[in-house]
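Written below as structure tokens is the structure these notes are about.
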Amino acid sequence: MINISEVTETNKMIDKENLDVRTITMGISLLDCADSNLDVLCQKIYDKMTGLARNLVKTGEEISKEYGIPIVNKRISITPISLVGGTACKTSDDYVKIAQTLDRVAAELGVNFIGGYSAVVSKGMTRSDELLIRSIPKALACTERICSSVNVGSTKTGINMDAVKLMGEIIRETAEMTKDKDSLGCAKLVVLCNAPDDNPFMAGAFHGVSEADAIINVGVSGPGVVKYALEQIRGASFEVLCETIKRTAFKVTRVGQLVAQEASRRLGVPFGIIDLSLAPTPAIGDSVAEILQEIGLEHPGAPGTTAALALLNDQVKKGGVMASSYVGGLSGAFIPVSEDQGMIDAVEAGALTIEKLEAMTCVCSVGLDMIAIPGDTSAATISGIIADESAIGMVNQKTTAVRIIPVIGKGVGETVEFGGLLGYAPVMPVNRFSCEAFVNRGGRIPAPIHSFKN
Amino acid sequence: MNRTIITVVGKDTVGIIARVCAYLADNNVNILDITQTIVQGYFNMMMIVDMEKMEKPFEQAVNELDEIGKELGVQIKCQREEIFNKMHRI
């Protein structure tokens, strides 16, 4: 039987250490909504989404109340829109109309984001993909709750450098079109390599074609819980350190598994995966950077950071895998800058640079995330950064991503305020040497030799 | 059986258990187990109860117990048992 110390431990995690379920994300396939008439398409999308996700927010709130665990976000991921809008959309503005429909759906259902205004172009772009990509700046400027992502490479296909070049331009254009809000549009746009089909976390969430008609994916969190557990074993050996992280990750993930099963049962939608991620927020005590400090670094960015993060990421997975029947998504530690107070402090102290963050992305679950860069950074330089991250993902057979914000009108030393979960960020310097000739070559980078396993 | 854990944490005062038990009895909730400690003047109680025969929606009981807690100056939580079983038992 459960005893009082176990109950107290769980409740302390929730009350004092910010344990929460970060998101219940319902994945919905829109493939069957395709139509050659744009208005009919939008109506079908509206009907299907509002039908399936009608009770998503309410169910999330009920579960939260009954188990006493906060469920921070209720979200929806959908089939990449470039696959759905192909026959109906003749121009980029047609795609914007779909984005507006989705925004209306999000507002009516009360979900805070819909992810999947996306294109998967890891090898080549169709005309539909390109129209969608070119519509992204306008779509993100005129909607509030839409997240966009573009997958530009994979271990199996190599890197589509034409798409990488285009995305550099699109990120700049998105920044320009939302410059009155500190280029906020770019915070909802991510460029991926090896994007998973079942990621519940924004901005990179979409419902891949390998998925069922509808599915429930859950993203857990809990960096504060890991940090607190590590505070209790200061100075202990790596063996004790790893065991402690593993045990904590197990407990955190079990809560996610429970919430996912309940949500799945109550909504009548199959359970997909648990994403075992440590996702920080700007709140004090909800930080991945603080875990790295607890492991023994003065600031993230100090020598040893990559090793510490590698260890953390691996132990989170090892603990989480046993706690859940299916894991997927990104699963690991997130290292966004603006969403993590400890990362912001490290940048302000001069400990953390983009180059060190790039190294860290080799061993954690995602990539360069929520980093503000000077507004005068060229499109080619942004493309270069995307190419570097994609190469890391492609060669290491892992997901990598770039979500950087060139803040129009601001330079190094200034600060950008995004608000809410997106936090604030100091503008970080970018290497000023040109990569224009490299980016302009055109074509693809072939898949690496170790991807040929057949 | 609909096993639920009720926890009460806060400064000790007269009548905490009486008040909570009266509420549970009024709502047809059966108490299966009570554990209670006082550490440095702080009251810490855990009850395992069966809510199967309660007629109210679970959410309403959560809110009402929360209100009683506020009146008594303590924190009362009411959570389904599975969250603790999942976390602490394999």
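We label chains A, B, ... in the order they appear in the structure tokens, count residues from 1 in each chain, and number ligands from 1 in the order shown.
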Among the residues of chain B, find those DSSP assigns to strand (DSSP E) from the backbone and print them as an MDAnalysis selection string. chainID B and resid 3:11 30:39 42:50 74:80
Taking C-alpha atoms for each residue, export the selection above as an mmCIF file, in the first residue's frame.
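So selection_16.cif came out as:
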```cif
data_model
loop_
_atom_site.group_PDB
_atom_site.id
_atom_site.type_symbol
_atom_site.label_atom_id
_atom_site.label_comp_id
_atom_site.auth_asym_id
_atom_site.auth_seq_id
_atom_site.Cartn_x
_atom_site.Cartn_y
_atom_site.Cartn_z
ATOM 1 C CA ARG B 3 -9.346 4.526 -4.202
ATOM 2 C CA THR B 4 -8.352 8.089 -3.609
ATOM 3 C CA ILE B 5 -5.649 9.713 -1.528
ATOM 4 C CA ILE B 6 -6.479 12.760 0.573
ATOM 5 C CA THR B 7 -3.582 14.661 2.073
ATOM 6 C CA VAL B 8 -3.749 17.454 4.593
ATOM 7 C CA VAL B 9 -0.663 19.556 5.283
ATOM 8 C CA GLY B 10 -0.421 22.683 7.415
ATOM 9 C CA LYS B 11 -0.233 24.194 10.868
ATOM 10 C CA ASN B 30 -15.465 5.301 3.189
ATOM 11 C CA ILE B 31 -12.124 5.760 4.947
ATOM 12 C CA LEU B 32 -9.804 2.768 4.474
ATOM 13 C CA ASP B 33 -6.666 4.002 6.192
ATOM 14 C CA ILE B 34 -5.346 7.053 8.023
ATOM 15 C CA THR B 35 -1.714 7.961 8.714
ATOM 16 C CA GLN B 36 -0.888 11.111 10.585
ATOM 17 C CA THR B 37 2.236 12.779 11.970
ATOM 18 C CA ILE B 38 3.075 16.145 13.512
ATOM 19 C CA VAL B 39 6.556 17.442 12.750
ATOM 20 C CA TYR B 42 3.095 20.917 11.270
ATOM 21 C CA PHE B 43 0.229 18.593 10.702
ATOM 22 C CA ASN B 44 0.685 15.971 8.017
ATOM 23 C CA MET B 45 -2.083 13.505 7.291
ATOM 24 C CA MET B 46 -2.777 11.000 4.562
ATOM 25 C CA MET B 47 -6.048 9.168 4.123
ATOM 26 C CA ILE B 48 -6.808 6.359 1.733
ATOM 27 C CA VAL B 49 -10.510 6.488 0.965
ATOM 28 C CA ASP B 50 -12.988 4.769 -1.309
ATOM 29 C CA VAL B 74 -4.267 23.986 5.770
ATOM 30 C CA GLN B 75 -3.738 22.558 2.297
ATOM 31 C CA ILE B 76 -6.032 19.666 1.390
ATOM 32 C CA LYS B 77 -5.417 17.658 -1.747
ATOM 33 C CA CYS B 78 -7.556 14.920 -3.150
ATOM 34 C CA GLN B 79 -5.960 12.775 -5.861
ATOM 35 C CA ARG B 80 -6.709 9.441 -7.459
#
```
Using only C-alpha atoms and a distance of at most 9 Å, pull out the residues of chain A that contact chain B, as an mmCIF file with N, CA and C atoms, in the first residue's frame.
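Result saved to result_11.cif:
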```
data_model
loop_
_atom_site.group_PDB
_atom_site.id
_atom_site.type_symbol
_atom_site.label_atom_id
_atom_site.label_comp_id
_atom_site.auth_asym_id
_atom_site.auth_seq_id
_atom_site.Cartn_x
_atom_site.Cartn_y
_atom_site.Cartn_z
ATOM 1 N N MET A 1 0.833 -1.202 0.000
ATOM 2 C CA MET A 1 0.000 0.000 0.000
ATOM 3 C C MET A 1 0.875 1.263 0.000
ATOM 4 N N ILE A 2 0.391 2.260 -0.643
ATOM 5 C CA ILE A 2 1.142 3.514 -0.729
ATOM 6 C C ILE A 2 1.313 4.126 0.666
ATOM 7 N N ASN A 3 2.515 4.622 0.971
ATOM 8 C CA ASN A 3 2.704 5.216 2.297
ATOM 9 C C ASN A 3 2.872 6.729 2.221
ATOM 10 N N ILE A 4 2.842 7.331 3.383
ATOM 11 C CA ILE A 4 2.786 8.797 3.444
ATOM 12 C C ILE A 4 4.039 9.464 2.851
ATOM 13 N N GLU A 6 5.815 8.393 0.350
ATOM 14 C CA GLU A 6 5.726 8.356 -1.121
ATOM 15 C C GLU A 6 4.754 9.421 -1.630
ATOM 16 N N VAL A 7 3.655 9.551 -0.913
ATOM 17 C CA VAL A 7 2.673 10.571 -1.300
ATOM 18 C C VAL A 7 3.291 11.966 -1.178
ATOM 19 N N THR A 8 3.989 12.179 -0.052
ATOM 20 C CA THR A 8 4.618 13.483 0.158
ATOM 21 C C THR A 8 5.659 13.763 -0.924
ATOM 22 N N THR A 10 5.759 12.672 -4.046
ATOM 23 C CA THR A 10 5.098 13.026 -5.309
ATOM 24 C C THR A 10 4.553 14.458 -5.263
ATOM 25 N N GLU A 62 -9.769 17.902 -16.732
ATOM 26 C CA GLU A 62 -10.328 16.935 -15.779
ATOM 27 C C GLU A 62 -9.239 16.022 -15.213
ATOM 28 N N LYS A 65 -7.089 17.790 -12.730
ATOM 29 C CA LYS A 65 -7.763 17.979 -11.441
ATOM 30 C C LYS A 65 -7.807 16.668 -10.629
ATOM 31 N N GLU A 66 -8.112 15.581 -11.302
ATOM 32 C CA GLU A 66 -8.285 14.317 -10.578
ATOM 33 C C GLU A 66 -6.978 13.758 -10.016
ATOM 34 N N TYR A 67 -5.892 13.964 -10.754
ATOM 35 C CA TYR A 67 -4.617 13.434 -10.283
ATOM 36 C C TYR A 67 -3.770 14.491 -9.589
ATOM 37 N N GLY A 68 -4.217 15.736 -9.637
ATOM 38 C CA GLY A 68 -3.468 16.809 -8.990
ATOM 39 C C GLY A 68 -2.156 17.116 -9.679
ATOM 40 N N ILE A 69 -2.085 16.857 -10.986
ATOM 41 C CA ILE A 69 -0.845 17.134 -11.731
ATOM 42 C C ILE A 69 -1.145 18.189 -12.800
ATOM 43 N N PHE A 250 12.523 7.990 -14.472
ATOM 44 C CA PHE A 250 11.513 6.924 -14.433
ATOM 45 C C PHE A 250 10.224 7.421 -13.795
ATOM 46 N N LYS A 251 10.358 8.062 -12.638
ATOM 47 C CA LYS A 251 9.173 8.530 -11.905
ATOM 48 C C LYS A 251 8.411 9.575 -12.706
ATOM 49 N N VAL A 252 9.142 10.498 -13.270
ATOM 50 C CA VAL A 252 8.511 11.566 -14.047
ATOM 51 C C VAL A 252 7.741 10.976 -15.240
ATOM 52 N N THR A 253 8.381 10.010 -15.894
ATOM 53 C CA THR A 253 7.770 9.442 -17.092
ATOM 54 C C THR A 253 6.524 8.627 -16.768
ATOM 55 N N ARG A 254 6.534 7.967 -15.599
ATOM 56 C CA ARG A 254 5.363 7.179 -15.205
ATOM 57 C C ARG A 254 4.126 8.062 -15.115
ATOM 58 N N VAL A 255 4.309 9.280 -14.638
ATOM 59 C CA VAL A 255 3.174 10.200 -14.558
ATOM 60 C C VAL A 255 2.674 10.513 -15.980
ATOM 61 N N GLN A 257 2.944 8.605 -18.569
ATOM 62 C CA GLN A 257 2.302 7.402 -19.088
ATOM 63 C C GLN A 257 0.869 7.292 -18.577
ATOM 64 N N LEU A 258 0.680 7.589 -17.307
ATOM 65 C CA LEU A 258 -0.661 7.538 -16.710
ATOM 66 C C LEU A 258 -1.581 8.555 -17.399
ATOM 67 N N VAL A 259 -1.080 9.768 -17.544
ATOM 68 C CA VAL A 259 -1.894 10.823 -18.164
ATOM 69 C C VAL A 259 -2.222 10.459 -19.618
ATOM 70 N N ALA A 323 9.802 3.165 -18.173
ATOM 71 C CA ALA A 323 8.578 3.667 -17.529
ATOM 72 C C ALA A 323 7.392 3.726 -18.476
#
```
Could you name the residues that touch Glu52 of chain B at 8 Å or less, counting only C-alpha atoms, but leaving out those on the same chain fewer than 5 positions away, as a list in words?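 Here the answer would be Met1, Asn2, Arg3 and Val29 of chain B.
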Would you return as a PyMOL selection string the members of chain B that DSSP assigns to helix (DSSP H, G or I) on this structure's backbone? chain B and resi 16-26+58-72+82-88
I'd like to know which of A:Ala308, A:Ala53, A:Val439, A:Ile445 is closest to Thr381 of chain A, using only C-alpha atoms.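 Between A:Ala308, A:Ala53, A:Val439, A:Ile445, the residue approaching Thr381 of chain A most closely is A:Val439.
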Find the spatial neighbours of Ser82 of chain A, counting only C-alpha atoms, within a cut-off of 7 Å - ignore same-chain residues fewer than 5 positions away - and output them as a ChimeraX atom specification. /A:118-119,128-129,132
Could you pull the residues within 12 Å of Gly85 of chain A, counting only C-alpha atoms, minus those fewer than 6 positions along the same chain, as a VMD selection string? chain A and resid 30 to 42 44 to 45 79 91 to 99 117 to 119 126 to 132
Residues within 9 Å of Ser122 of chain A, only C-alpha atoms, excluding chain neighbours under 2 positions, as a list in words: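 That gives Val120, Gly124, Met125, Val150, Asn151, Val152, Gly153, Ser154, Thr157, Gly158, Ile159, Asn160, Ala163, Cys193 and Asn194 of chain A.
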Counting only C-alpha atoms, what is within 12 Å of Ala18 of chain B, bar same-chain residues fewer than 6 positions away, as a PyMOL selection string? chain B and resi 24-25+68+72
Export of prior selection with C-alpha atoms as a compact mmCIF listing (two decimals), in the first residue's frame:
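As written to disk, selection_32.txt reads:
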```txt
# COMPACT_ATOMS: atom_id res chain seq x y z
CA LEU B 24 -16.41 12.46 3.86
CA ALA B 25 -19.21 10.87 5.87
CA ILE B 68 -12.47 23.40 3.65
CA LEU B 72 -8.89 25.60 8.34
```
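Interatomic distance, atom CA of Pro70 of chain A against atom CA of Met54 of chain B: 24.5 Å.
You will find atom CA of Val327 of chain A at 25.5 Å from atom CA of Leu422 of chain A.
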